>>> print(open('work-v9.pdb').read())   # PDB, C-alpha atoms
MODEL        1
ATOM      1  CA  MET A1373     -44.414  51.615  85.867  1.00  0.00           C
ATOM      2  CA  THR A1374     -43.151  50.159  89.112  1.00  0.00           C
ATOM      3  CA  ASP A1375     -44.751  51.193  92.402  1.00  0.00           C
ATOM      4  CA  GLY A1376     -41.496  52.209  94.020  1.00  0.00           C
ATOM      5  CA  TYR A1377     -37.843  51.265  93.742  1.00  0.00           C
ATOM      6  CA  LEU A1378     -35.551  49.032  95.754  1.00  0.00           C
ATOM      7  CA  ILE A1379     -31.834  49.793  95.885  1.00  0.00           C
ATOM      8  CA  VAL A1380     -29.861  46.827  97.206  1.00  0.00           C
ATOM      9  CA  GLY A1381     -26.260  47.169  98.349  1.00  0.00           C
ATOM     10  CA  LEU A1382     -24.322  43.911  98.477  1.00  0.00           C
ATOM     11  CA  GLY A1383     -21.641  43.057 101.011  1.00  0.00           C
ATOM     12  CA  ASN A1384     -20.839  41.065 104.132  1.00  0.00           C
ATOM     13  CA  PRO A1385     -21.808  42.164 107.663  1.00  0.00           C
ATOM     14  CA  GLY A1386     -19.299  42.746 110.435  1.00  0.00           C
ATOM     15  CA  PRO A1387     -16.443  45.181 111.074  1.00  0.00           C
ATOM     16  CA  GLU A1388     -13.846  42.755 109.668  1.00  0.00           C
ATOM     17  CA  TYR A1389     -15.392  43.153 106.194  1.00  0.00           C
ATOM     18  CA  GLU A1390     -16.217  46.867 106.347  1.00  0.00           C
ATOM     19  CA  LEU A1391     -13.638  48.246 103.891  1.00  0.00           C
ATOM     20  CA  THR A1392     -13.109  45.137 101.773  1.00  0.00           C
ATOM     21  CA  ARG A1393     -13.538  45.140  98.009  1.00  0.00           C
ATOM     22  CA  HIS A1394     -16.556  42.819  98.256  1.00  0.00           C
ATOM     23  CA  ASN A1395     -18.318  45.470 100.352  1.00  0.00           C
ATOM     24  CA  ALA A1396     -18.319  48.115  97.636  1.00  0.00           C
ATOM     25  CA  GLY A1397     -22.113  47.817  97.395  1.00  0.00           C
ATOM     26  CA  PHE A1398     -22.599  48.402 101.124  1.00  0.00           C
ATOM     27  CA  LEU A1399     -20.302  51.427 101.042  1.00  0.00           C
ATOM     28  CA  ALA A1400     -22.055  52.924  98.007  1.00  0.00           C
ATOM     29  CA  LEU A1401     -25.485  52.467  99.589  1.00  0.00           C
ATOM     30  CA  ASP A1402     -24.294  54.113 102.813  1.00  0.00           C
ATOM     31  CA  TYR A1403     -23.140  57.123 100.786  1.00  0.00           C
ATOM     32  CA  LEU A1404     -26.432  57.330  98.894  1.00  0.00           C
ATOM     33  CA  ALA A1405     -28.456  57.107 102.107  1.00  0.00           C
ATOM     34  CA  ASP A1406     -26.344  59.833 103.711  1.00  0.00           C
ATOM     35  CA  GLN A1407     -26.619  62.188 100.732  1.00  0.00           C
ATOM     36  CA  HIS A1408     -30.414  61.927 100.635  1.00  0.00           C
ATOM     37  CA  CYS A1409     -30.945  61.743 104.418  1.00  0.00           C
ATOM     38  CA  TRP A1410     -32.505  58.288 104.124  1.00  0.00           C
ATOM     39  CA  PRO A1411     -31.261  56.752 107.383  1.00  0.00           C
ATOM     40  CA  LEU A1412     -30.583  53.016 107.374  1.00  0.00           C
ATOM     41  CA  THR A1413     -31.946  52.431 110.848  1.00  0.00           C
ATOM     42  CA  SER A1414     -34.523  49.650 110.525  1.00  0.00           C
ATOM     43  CA  GLU A1415     -33.922  45.904 110.656  1.00  0.00           C
ATOM     44  CA  LYS A1416     -36.181  43.509 108.784  1.00  0.00           C
ATOM     45  CA  TRP A1417     -35.821  40.045 107.277  1.00  0.00           C
ATOM     46  CA  GLN A1418     -32.127  39.917 108.189  1.00  0.00           C
ATOM     47  CA  GLY A1419     -31.425  43.216 106.494  1.00  0.00           C
ATOM     48  CA  ILE A1420     -30.673  46.812 107.471  1.00  0.00           C
ATOM     49  CA  CYS A1421     -33.054  49.066 105.600  1.00  0.00           C
ATOM     50  CA  GLY A1422     -34.334  52.574 105.101  1.00  0.00           C
ATOM     51  CA  SER A1423     -36.742  54.457 102.890  1.00  0.00           C
ATOM     52  CA  GLY A1424     -37.495  57.850 101.447  1.00  0.00           C
ATOM     53  CA  ARG A1425     -38.863  59.610  98.415  1.00  0.00           C
ATOM     54  CA  LEU A1426     -37.296  61.058  95.282  1.00  0.00           C
ATOM     55  CA  ASN A1427     -39.400  63.172  92.935  1.00  0.00           C
ATOM     56  CA  GLY A1428     -42.548  61.566  94.298  1.00  0.00           C
ATOM     57  CA  GLN A1429     -41.279  57.991  93.976  1.00  0.00           C
ATOM     58  CA  ARG A1430     -41.051  55.615  96.940  1.00  0.00           C
ATOM     59  CA  ILE A1431     -37.460  54.515  97.489  1.00  0.00           C
ATOM     60  CA  PHE A1432     -36.392  51.575  99.640  1.00  0.00           C
ATOM     61  CA  LEU A1433     -32.793  50.748 100.499  1.00  0.00           C
ATOM     62  CA  ILE A1434     -31.506  47.499 101.972  1.00  0.00           C
ATOM     63  CA  LYS A1435     -28.215  45.923 103.018  1.00  0.00           C
ATOM     64  CA  PRO A1436     -28.724  42.162 103.447  1.00  0.00           C
ATOM     65  CA  GLN A1437     -27.006  40.879 106.603  1.00  0.00           C
ATOM     66  CA  THR A1438     -27.081  37.224 105.531  1.00  0.00           C
ATOM     67  CA  TYR A1439     -23.573  37.209 104.015  1.00  0.00           C
ATOM     68  CA  MET A1440     -23.043  37.566 100.304  1.00  0.00           C
ATOM     69  CA  ASN A1441     -24.068  34.129  99.067  1.00  0.00           C
ATOM     70  CA  ARG A1442     -27.517  34.397 100.726  1.00  0.00           C
ATOM     71  CA  SER A1443     -28.291  38.022  99.833  1.00  0.00           C
ATOM     72  CA  GLY A1444     -31.300  37.040  97.758  1.00  0.00           C
ATOM     73  CA  GLU A1445     -33.218  35.635 100.726  1.00  0.00           C
ATOM     74  CA  CYS A1446     -33.509  39.041 102.361  1.00  0.00           C
ATOM     75  CA  ALA A1447     -33.976  41.096  99.177  1.00  0.00           C
ATOM     76  CA  ALA A1448     -36.673  38.803  97.763  1.00  0.00           C
ATOM     77  CA  ARG A1449     -38.756  38.895 100.961  1.00  0.00           C
ATOM     78  CA  PHE A1450     -38.468  42.678 101.046  1.00  0.00           C
ATOM     79  CA  ALA A1451     -39.481  43.027  97.374  1.00  0.00           C
ATOM     80  CA  GLU A1452     -42.420  40.633  97.814  1.00  0.00           C
ATOM     81  CA  PHE A1453     -43.737  42.431 100.891  1.00  0.00           C
ATOM     82  CA  HIS A1454     -43.621  45.840  99.186  1.00  0.00           C
ATOM     83  CA  ARG A1455     -44.822  44.423  95.847  1.00  0.00           C
ATOM     84  CA  LEU A1456     -41.811  45.666  93.942  1.00  0.00           C
ATOM     85  CA  ALA A1457     -41.223  44.249  90.460  1.00  0.00           C
ATOM     86  CA  PRO A1458     -37.709  43.079  89.452  1.00  0.00           C
ATOM     87  CA  GLU A1459     -37.610  45.969  86.974  1.00  0.00           C
ATOM     88  CA  GLY A1460     -37.753  48.368  89.914  1.00  0.00           C
ATOM     89  CA  ILE A1461     -34.713  46.844  91.628  1.00  0.00           C
ATOM     90  CA  LEU A1462     -31.157  48.176  91.264  1.00  0.00           C
ATOM     91  CA  VAL A1463     -28.307  46.208  92.854  1.00  0.00           C
ATOM     92  CA  LEU A1464     -25.000  47.889  93.722  1.00  0.00           C
ATOM     93  CA  HIS A1465     -22.106  45.413  93.721  1.00  0.00           C
ATOM     94  CA  ASP A1466     -18.398  44.935  93.120  1.00  0.00           C
ATOM     95  CA  ASP A1467     -17.198  43.578  89.762  1.00  0.00           C
ATOM     96  CA  LEU A1468     -13.898  41.813  89.109  1.00  0.00           C
ATOM     97  CA  ASP A1469     -14.067  42.265  85.346  1.00  0.00           C
ATOM     98  CA  LEU A1470     -14.109  46.061  85.477  1.00  0.00           C
ATOM     99  CA  PRO A1471     -10.941  47.988  86.336  1.00  0.00           C
ATOM    100  CA  PRO A1472     -10.866  49.813  89.669  1.00  0.00           C
ATOM    101  CA  GLY A1473     -12.919  52.986  89.520  1.00  0.00           C
ATOM    102  CA  ARG A1474     -14.974  51.997  86.498  1.00  0.00           C
ATOM    103  CA  ILE A1475     -18.778  52.135  86.858  1.00  0.00           C
ATOM    104  CA  LYS A1476     -21.178  50.276  84.571  1.00  0.00           C
ATOM    105  CA  VAL A1477     -24.958  49.863  84.610  1.00  0.00           C
ATOM    106  CA  ALA A1478     -26.701  46.786  83.168  1.00  0.00           C
ATOM    107  CA  ALA A1479     -30.451  46.261  82.776  1.00  0.00           C
ATOM    108  CA  LYS A1480     -30.337  42.496  83.384  1.00  0.00           C
ATOM    109  CA  GLY A1481     -28.075  39.504  82.893  1.00  0.00           C
ATOM    110  CA  GLY A1482     -26.558  36.450  84.509  1.00  0.00           C
ATOM    111  CA  ALA A1483     -24.598  36.141  87.715  1.00  0.00           C
ATOM    112  CA  GLY A1484     -21.194  36.571  86.077  1.00  0.00           C
ATOM    113  CA  GLY A1485     -19.612  34.520  88.852  1.00  0.00           C
ATOM    114  CA  HIS A1486     -20.890  36.855  91.594  1.00  0.00           C
ATOM    115  CA  ASN A1487     -22.411  34.883  94.477  1.00  0.00           C
ATOM    116  CA  GLY A1488     -24.629  37.732  95.632  1.00  0.00           C
ATOM    117  CA  ILE A1489     -26.149  38.198  92.172  1.00  0.00           C
ATOM    118  CA  ARG A1490     -26.587  34.436  91.836  1.00  0.00           C
ATOM    119  CA  SER A1491     -28.543  34.375  95.100  1.00  0.00           C
ATOM    120  CA  LEU A1492     -30.730  37.271  93.986  1.00  0.00           C
ATOM    121  CA  ILE A1493     -31.581  35.567  90.698  1.00  0.00           C
ATOM    122  CA  GLN A1494     -32.434  32.363  92.552  1.00  0.00           C
ATOM    123  CA  HIS A1495     -34.698  33.931  95.175  1.00  0.00           C
ATOM    124  CA  LEU A1496     -36.327  36.586  92.998  1.00  0.00           C
ATOM    125  CA  GLY A1497     -36.975  33.958  90.335  1.00  0.00           C
ATOM    126  CA  SER A1498     -35.833  36.482  87.734  1.00  0.00           C
ATOM    127  CA  SER A1499     -32.695  38.058  86.308  1.00  0.00           C
ATOM    128  CA  ASP A1500     -34.608  41.128  85.122  1.00  0.00           C
ATOM    129  CA  PHE A1501     -33.227  43.480  87.745  1.00  0.00           C
ATOM    130  CA  ALA A1502     -30.702  46.229  87.036  1.00  0.00           C
ATOM    131  CA  ARG A1503     -27.147  46.189  88.319  1.00  0.00           C
ATOM    132  CA  LEU A1504     -24.703  48.983  89.015  1.00  0.00           C
ATOM    133  CA  LYS A1505     -21.288  47.367  88.782  1.00  0.00           C
ATOM    134  CA  ILE A1506     -18.383  48.912  90.670  1.00  0.00           C
ATOM    135  CA  GLY A1507     -15.027  47.891  89.234  1.00  0.00           C
ATOM    136  CA  ILE A1508     -12.460  46.423  91.603  1.00  0.00           C
ATOM    137  CA  GLY A1509     -10.240  44.738  88.986  1.00  0.00           C
ATOM    138  CA  ARG A1510      -8.643  41.310  89.298  1.00  0.00           C
ATOM    139  CA  PRO A1511      -5.711  40.501  91.592  1.00  0.00           C
ATOM    140  CA  PRO A1512      -2.389  41.516  90.033  1.00  0.00           C
ATOM    141  CA  ARG A1513      -0.088  38.725  88.893  1.00  0.00           C
ATOM    142  CA  ASN A1514       3.679  38.401  89.156  1.00  0.00           C
ATOM    143  CA  GLU A1515       6.055  37.441  86.357  1.00  0.00           C
ATOM    144  CA  GLN A1516       5.226  33.778  86.910  1.00  0.00           C
ATOM    145  CA  GLY A1517       1.531  34.516  86.380  1.00  0.00           C
ATOM    146  CA  GLN A1518       0.685  33.913  90.023  1.00  0.00           C
ATOM    147  CA  GLY A1519      -1.609  36.136  92.017  1.00  0.00           C
ATOM    148  CA  MET A1520      -3.761  36.204  95.112  1.00  0.00           C
ATOM    149  CA  PRO A1521      -6.723  33.785  94.922  1.00  0.00           C
ATOM    150  CA  VAL A1522      -9.886  35.632  93.906  1.00  0.00           C
ATOM    151  CA  ASP A1523     -11.816  34.679  97.035  1.00  0.00           C
ATOM    152  CA  ARG A1524      -9.061  36.131  99.222  1.00  0.00           C
ATOM    153  CA  TYR A1525      -8.679  39.198  97.014  1.00  0.00           C
ATOM    154  CA  VAL A1526     -12.330  40.265  97.202  1.00  0.00           C
ATOM    155  CA  LEU A1527     -12.350  39.821 100.975  1.00  0.00           C
ATOM    156  CA  SER A1528      -9.184  41.906 101.378  1.00  0.00           C
ATOM    157  CA  ALA A1529      -9.275  45.592 102.234  1.00  0.00           C
ATOM    158  CA  PHE A1530      -8.991  48.245  99.557  1.00  0.00           C
ATOM    159  CA  SER A1531      -5.501  49.693  99.304  1.00  0.00           C
ATOM    160  CA  GLY A1532      -5.208  53.377 100.156  1.00  0.00           C
ATOM    161  CA  ASP A1533      -5.139  54.362  96.472  1.00  0.00           C
ATOM    162  CA  GLU A1534      -8.056  52.070  95.643  1.00  0.00           C
ATOM    163  CA  LEU A1535     -10.155  53.491  98.460  1.00  0.00           C
ATOM    164  CA  GLU A1536      -9.390  57.041  97.359  1.00  0.00           C
ATOM    165  CA  LEU A1537     -10.411  56.151  93.790  1.00  0.00           C
ATOM    166  CA  PHE A1538     -13.573  54.417  95.000  1.00  0.00           C
ATOM    167  CA  ASN A1539     -14.555  57.425  97.124  1.00  0.00           C
ATOM    168  CA  SER A1540     -14.087  59.707  94.126  1.00  0.00           C
ATOM    169  CA  ARG A1541     -16.614  57.568  92.181  1.00  0.00           C
ATOM    170  CA  LEU A1542     -19.361  57.865  94.784  1.00  0.00           C
ATOM    171  CA  PRO A1543     -20.945  61.028  93.284  1.00  0.00           C
ATOM    172  CA  LEU A1544     -21.101  59.228  89.919  1.00  0.00           C
ATOM    173  CA  ILE A1545     -22.812  56.249  91.581  1.00  0.00           C
ATOM    174  CA  GLN A1546     -25.328  58.636  93.135  1.00  0.00           C
ATOM    175  CA  GLU A1547     -25.945  60.213  89.724  1.00  0.00           C
ATOM    176  CA  ALA A1548     -26.515  56.773  88.201  1.00  0.00           C
ATOM    177  CA  VAL A1549     -29.028  55.763  90.892  1.00  0.00           C
ATOM    178  CA  GLU A1550     -30.945  59.014  90.442  1.00  0.00           C
ATOM    179  CA  LEU A1551     -31.004  58.553  86.653  1.00  0.00           C
ATOM    180  CA  PHE A1552     -32.312  55.011  87.089  1.00  0.00           C
ATOM    181  CA  ILE A1553     -35.165  56.244  89.278  1.00  0.00           C
ATOM    182  CA  ASN A1554     -35.995  59.423  87.380  1.00  0.00           C
ATOM    183  CA  GLN A1555     -35.459  58.378  83.763  1.00  0.00           C
ATOM    184  CA  GLY A1556     -35.229  54.588  83.649  1.00  0.00           C
ATOM    185  CA  VAL A1557     -32.469  52.053  83.150  1.00  0.00           C
ATOM    186  CA  GLU A1558     -31.957  52.651  79.409  1.00  0.00           C
ATOM    187  CA  ARG A1559     -31.324  56.351  79.912  1.00  0.00           C
ATOM    188  CA  CYS A1560     -29.124  55.555  82.893  1.00  0.00           C
ATOM    189  CA  MET A1561     -26.986  53.135  80.845  1.00  0.00           C
ATOM    190  CA  SER A1562     -26.689  55.651  78.020  1.00  0.00           C
ATOM    191  CA  GLN A1563     -25.572  58.458  80.312  1.00  0.00           C
ATOM    192  CA  ILE A1564     -23.219  56.454  82.532  1.00  0.00           C
ATOM    193  CA  ASN A1565     -21.807  53.697  80.312  1.00  0.00           C
ATOM    194  CA  GLY A1566     -21.298  56.022  77.358  1.00  0.00           C
ATOM    195  CA  ARG A1567     -18.629  57.971  79.190  1.00  0.00           C
ATOM    196  CA  THR A1568     -15.024  57.041  78.631  1.00  0.00           C
ATOM    197  CA  ALA A1569     -12.870  55.962  81.561  1.00  0.00           C
ATOM    198  CA  GLU A1570     -11.219  59.382  81.470  1.00  0.00           C
ATOM    199  CA  GLN A1571     -14.577  61.146  81.688  1.00  0.00           C
ATOM    200  CA  GLN A1572     -15.593  58.924  84.585  1.00  0.00           C
ATOM    201  CA  ARG A1573     -12.438  60.050  86.383  1.00  0.00           C
ATOM    202  CA  CYS A1574     -13.293  63.736  86.014  1.00  0.00           C
TER     203      CYS A1574
ENDMDL
END
>>> encode(input="work-v9.pdb", output="structure tokens")
Amino acid sequence: MTDGYLIVGLGNPGPEYELTRHNAGFLALDYLADQHCWPLTSEKWQGICGSGRLNGQRIFLIKPQTYMNRSGECAARFAEFHRLAPEGILVLHDDLDLPPGRIKVAAKGGAGGHNGIRSLIQHLGSSDFARLKIGIGRPPRNEQGQGMPVDRYVLSAFSGDELELFNSRLPLIQEAVELFINQGVERCMSQINGRTAEQQRC
């Protein structure tokens, strides 16, 4: 049993990145903090952080301010200081391989091409942390098979429809985080991943 939980939202700092697809993790963590009245008002180890309790468990939240590809530096120092095991960490991040609006929880795994996850694995020295993946889809292609480069796509702002869809998923993300804390990652995956796309849209 872990002595507390760390919820990490991934993104890039600065107003120019605020509503970009790559900042889905930041936006989700902001929502979670607001819903539980866990203000993100402290700054430590190049991160914006907050804390609270849920059903007697210590909860820490952090938004690394080191830019995406160095997210692990901040998160690892925070986890080490508070003696939090990788199994007690849940990372909220965008995922190109899931369609927009789709939410999926994974107990562990590789980086999957995500620079923030790669940095976390490197600095934590483990891939045994859970991930809550927020689908953003891949850039659409024209008839010639050409589309926006991925690096530009993830750093572009959500369209109006995408942002509306993302906002409608936030209560589901909150439910998933609470399941992870209260009942563990296996139960969380079963409850969240087992739903069809249509059920996730309800």
>>> resolve_selection(input="work-v9.pdb", expression="the PyMOL selection byres ((chain A and resi 1506) around 8)", output="number ranges by chain")
A: 1396-1397, 1464-1467, 1470, 1472-1476, 1504-1505, 1507-1508
>>> closest_residue(input="work-v9.pdb", among="A:Arg1503, A:Arg1510, A:Arg1393, A:His1408", to="A:Ala1478", atoms="only C-alpha atoms")
A:Arg1503
>>> closest_atom_pairs(input="work-v9.pdb", of="stretch 1404-1457 of chain A", to="stretch 1548-1553 of chain A", cutoff="10 Å", atoms="only C-alpha atoms", output="tab-separated table")
residue	atom	partner	partner_atom	distance
A:Leu1404	CA	A:Val1549	CA	8.6
A:Leu1426	CA	A:Ile1553	CA	8.0
A:Asn1427	CA	A:Ile1553	CA	8.9
A:Gln1429	CA	A:Ile1553	CA	7.9
A:Arg1430	CA	A:Ile1553	CA	9.7
A:Ile1431	CA	A:Ile1553	CA	8.7
>>> resolve_selection(input="work-v9.pdb", expression="the PyMOL selection byres ((chain A and resi 1480) around 6)", output="list in words")
Ala1478, Ala1479, Gly1481, Ser1499, Asp1500, Phe1501 and Ala1502 of chain A
>>> closest_atom_pairs(input="work-v9.pdb", of="stretch 1410-1439 of chain A", to="stretch 1375-1390 of chain A", cutoff="8 Å", atoms="only C-alpha atoms", output="tab-separated table")
residue	atom	partner	partner_atom	distance
A:Gln1429	CA	A:Gly1376	CA	5.8
A:Arg1430	CA	A:Gly1376	CA	4.5
A:Ile1431	CA	A:Tyr1377	CA	5.0
A:Phe1432	CA	A:Leu1378	CA	4.7
A:Leu1433	CA	A:Ile1379	CA	4.8
A:Ile1434	CA	A:Val1380	CA	5.1
A:Lys1435	CA	A:Gly1381	CA	5.2
A:Pro1436	CA	A:Leu1382	CA	6.9
A:Gln1437	CA	A:Pro1385	CA	5.5
A:Thr1438	CA	A:Asn1384	CA	7.5
A:Tyr1439	CA	A:Asn1384	CA	4.7
>>> atom_distance(input="work-v9.pdb", atom1="atom CA of A:Pro1521", atom2="atom CA of A:Gln1494")
25.9 Å
>>> residues_around(input="work-v9.pdb", residues="A:Gly1497", least_positions_apart="4", cutoff="12 Å", atoms="all atoms listed in the file", output="ChimeraX atom specification")
/A:1444-1445,1447-1449,1451-1452,1457-1458,1489-1493,1501
>>> atom_distance(input="work-v9.pdb", atom1="atom CA of A:Gln1418", atom2="atom CA of A:Gln1546")
25.0 Å
>>> atom_distance(input="work-v9.pdb", atom1="atom CA of A:Ile1545", atom2="atom CA of A:Glu1558")
15.6 Å
>>> closest_residue(input="work-v9.pdb", among="A:Gly1460, A:Gly1517, A:Pro1471, A:Gly1419", to="A:Glu1534", atoms="only C-alpha atoms")
A:Pro1471
>>> closest_residue(input="work-v9.pdb", among="A:Arg1541, A:His1394, A:Leu1456, A:Val1477", to="A:Arg1559", atoms="all atoms listed in the file")
A:Val1477
>>> build_atoms(input="work-v9.pdb", residues="stretch 1478-1499 of chain A", atoms="N, CA and C atoms", output="PDB file, in the coordinates of the input")
ATOM      1  N   ALA A1478     -26.128  47.805  84.050  1.00  0.00           N
ATOM      2  CA  ALA A1478     -26.701  46.786  83.168  1.00  0.00           C
ATOM      3  C   ALA A1478     -28.165  46.590  83.541  1.00  0.00           C
ATOM      4  N   ALA A1479     -29.012  46.403  82.541  1.00  0.00           N
ATOM      5  CA  ALA A1479     -30.451  46.261  82.776  1.00  0.00           C
ATOM      6  C   ALA A1479     -30.810  44.893  83.332  1.00  0.00           C
ATOM      7  N   LYS A1480     -30.057  43.876  82.964  1.00  0.00           N
ATOM      8  CA  LYS A1480     -30.337  42.496  83.384  1.00  0.00           C
ATOM      9  C   LYS A1480     -29.119  41.659  83.043  1.00  0.00           C
ATOM     10  N   GLY A1481     -29.194  40.364  83.263  1.00  0.00           N
ATOM     11  CA  GLY A1481     -28.075  39.504  82.893  1.00  0.00           C
ATOM     12  C   GLY A1481     -27.910  38.341  83.851  1.00  0.00           C
ATOM     13  N   GLY A1482     -26.847  37.587  83.648  1.00  0.00           N
ATOM     14  CA  GLY A1482     -26.558  36.450  84.509  1.00  0.00           C
ATOM     15  C   GLY A1482     -25.774  36.872  85.730  1.00  0.00           C
ATOM     16  N   ALA A1483     -25.310  35.865  86.471  1.00  0.00           N
ATOM     17  CA  ALA A1483     -24.598  36.141  87.715  1.00  0.00           C
ATOM     18  C   ALA A1483     -23.165  36.595  87.476  1.00  0.00           C
ATOM     19  N   GLY A1484     -22.571  36.173  86.364  1.00  0.00           N
ATOM     20  CA  GLY A1484     -21.194  36.571  86.077  1.00  0.00           C
ATOM     21  C   GLY A1484     -20.214  36.130  87.144  1.00  0.00           C
ATOM     22  N   GLY A1485     -20.510  35.017  87.823  1.00  0.00           N
ATOM     23  CA  GLY A1485     -19.612  34.520  88.852  1.00  0.00           C
ATOM     24  C   GLY A1485     -19.755  35.193  90.199  1.00  0.00           C
ATOM     25  N   HIS A1486     -20.714  36.124  90.337  1.00  0.00           N
ATOM     26  CA  HIS A1486     -20.890  36.855  91.594  1.00  0.00           C
ATOM     27  C   HIS A1486     -21.927  36.122  92.451  1.00  0.00           C
ATOM     28  N   ASN A1487     -21.521  35.677  93.632  1.00  0.00           N
ATOM     29  CA  ASN A1487     -22.411  34.883  94.477  1.00  0.00           C
ATOM     30  C   ASN A1487     -23.639  35.649  94.949  1.00  0.00           C
ATOM     31  N   GLY A1488     -23.486  36.939  95.203  1.00  0.00           N
ATOM     32  CA  GLY A1488     -24.629  37.732  95.632  1.00  0.00           C
ATOM     33  C   GLY A1488     -25.672  37.851  94.538  1.00  0.00           C
ATOM     34  N   ILE A1489     -25.228  38.100  93.308  1.00  0.00           N
ATOM     35  CA  ILE A1489     -26.149  38.198  92.172  1.00  0.00           C
ATOM     36  C   ILE A1489     -26.804  36.842  91.911  1.00  0.00           C
ATOM     37  N   ARG A1490     -26.027  35.781  92.026  1.00  0.00           N
ATOM     38  CA  ARG A1490     -26.587  34.436  91.836  1.00  0.00           C
ATOM     39  C   ARG A1490     -27.715  34.177  92.828  1.00  0.00           C
ATOM     40  N   SER A1491     -27.520  34.563  94.082  1.00  0.00           N
ATOM     41  CA  SER A1491     -28.543  34.375  95.100  1.00  0.00           C
ATOM     42  C   SER A1491     -29.786  35.204  94.804  1.00  0.00           C
ATOM     43  N   LEU A1492     -29.594  36.410  94.334  1.00  0.00           N
ATOM     44  CA  LEU A1492     -30.730  37.271  93.986  1.00  0.00           C
ATOM     45  C   LEU A1492     -31.547  36.668  92.853  1.00  0.00           C
ATOM     46  N   ILE A1493     -30.877  36.193  91.816  1.00  0.00           N
ATOM     47  CA  ILE A1493     -31.581  35.567  90.698  1.00  0.00           C
ATOM     48  C   ILE A1493     -32.390  34.372  91.192  1.00  0.00           C
ATOM     49  N   GLN A1494     -31.778  33.562  92.040  1.00  0.00           N
ATOM     50  CA  GLN A1494     -32.434  32.363  92.552  1.00  0.00           C
ATOM     51  C   GLN A1494     -33.693  32.708  93.354  1.00  0.00           C
ATOM     52  N   HIS A1495     -33.586  33.668  94.263  1.00  0.00           N
ATOM     53  CA  HIS A1495     -34.698  33.931  95.175  1.00  0.00           C
ATOM     54  C   HIS A1495     -35.744  34.872  94.589  1.00  0.00           C
ATOM     55  N   LEU A1496     -35.347  35.749  93.680  1.00  0.00           N
ATOM     56  CA  LEU A1496     -36.327  36.586  92.998  1.00  0.00           C
ATOM     57  C   LEU A1496     -37.041  35.811  91.898  1.00  0.00           C
ATOM     58  N   GLY A1497     -36.416  34.722  91.439  1.00  0.00           N
ATOM     59  CA  GLY A1497     -36.975  33.958  90.335  1.00  0.00           C
ATOM     60  C   GLY A1497     -36.905  34.713  89.028  1.00  0.00           C
ATOM     61  N   SER A1498     -35.963  35.641  88.925  1.00  0.00           N
ATOM     62  CA  SER A1498     -35.833  36.482  87.734  1.00  0.00           C
ATOM     63  C   SER A1498     -34.436  37.084  87.687  1.00  0.00           C
ATOM     64  N   SER A1499     -33.960  37.333  86.483  1.00  0.00           N
ATOM     65  CA  SER A1499     -32.695  38.058  86.308  1.00  0.00           C
ATOM     66  C   SER A1499     -32.949  39.452  85.739  1.00  0.00           C
TER      67      SER A1499
END
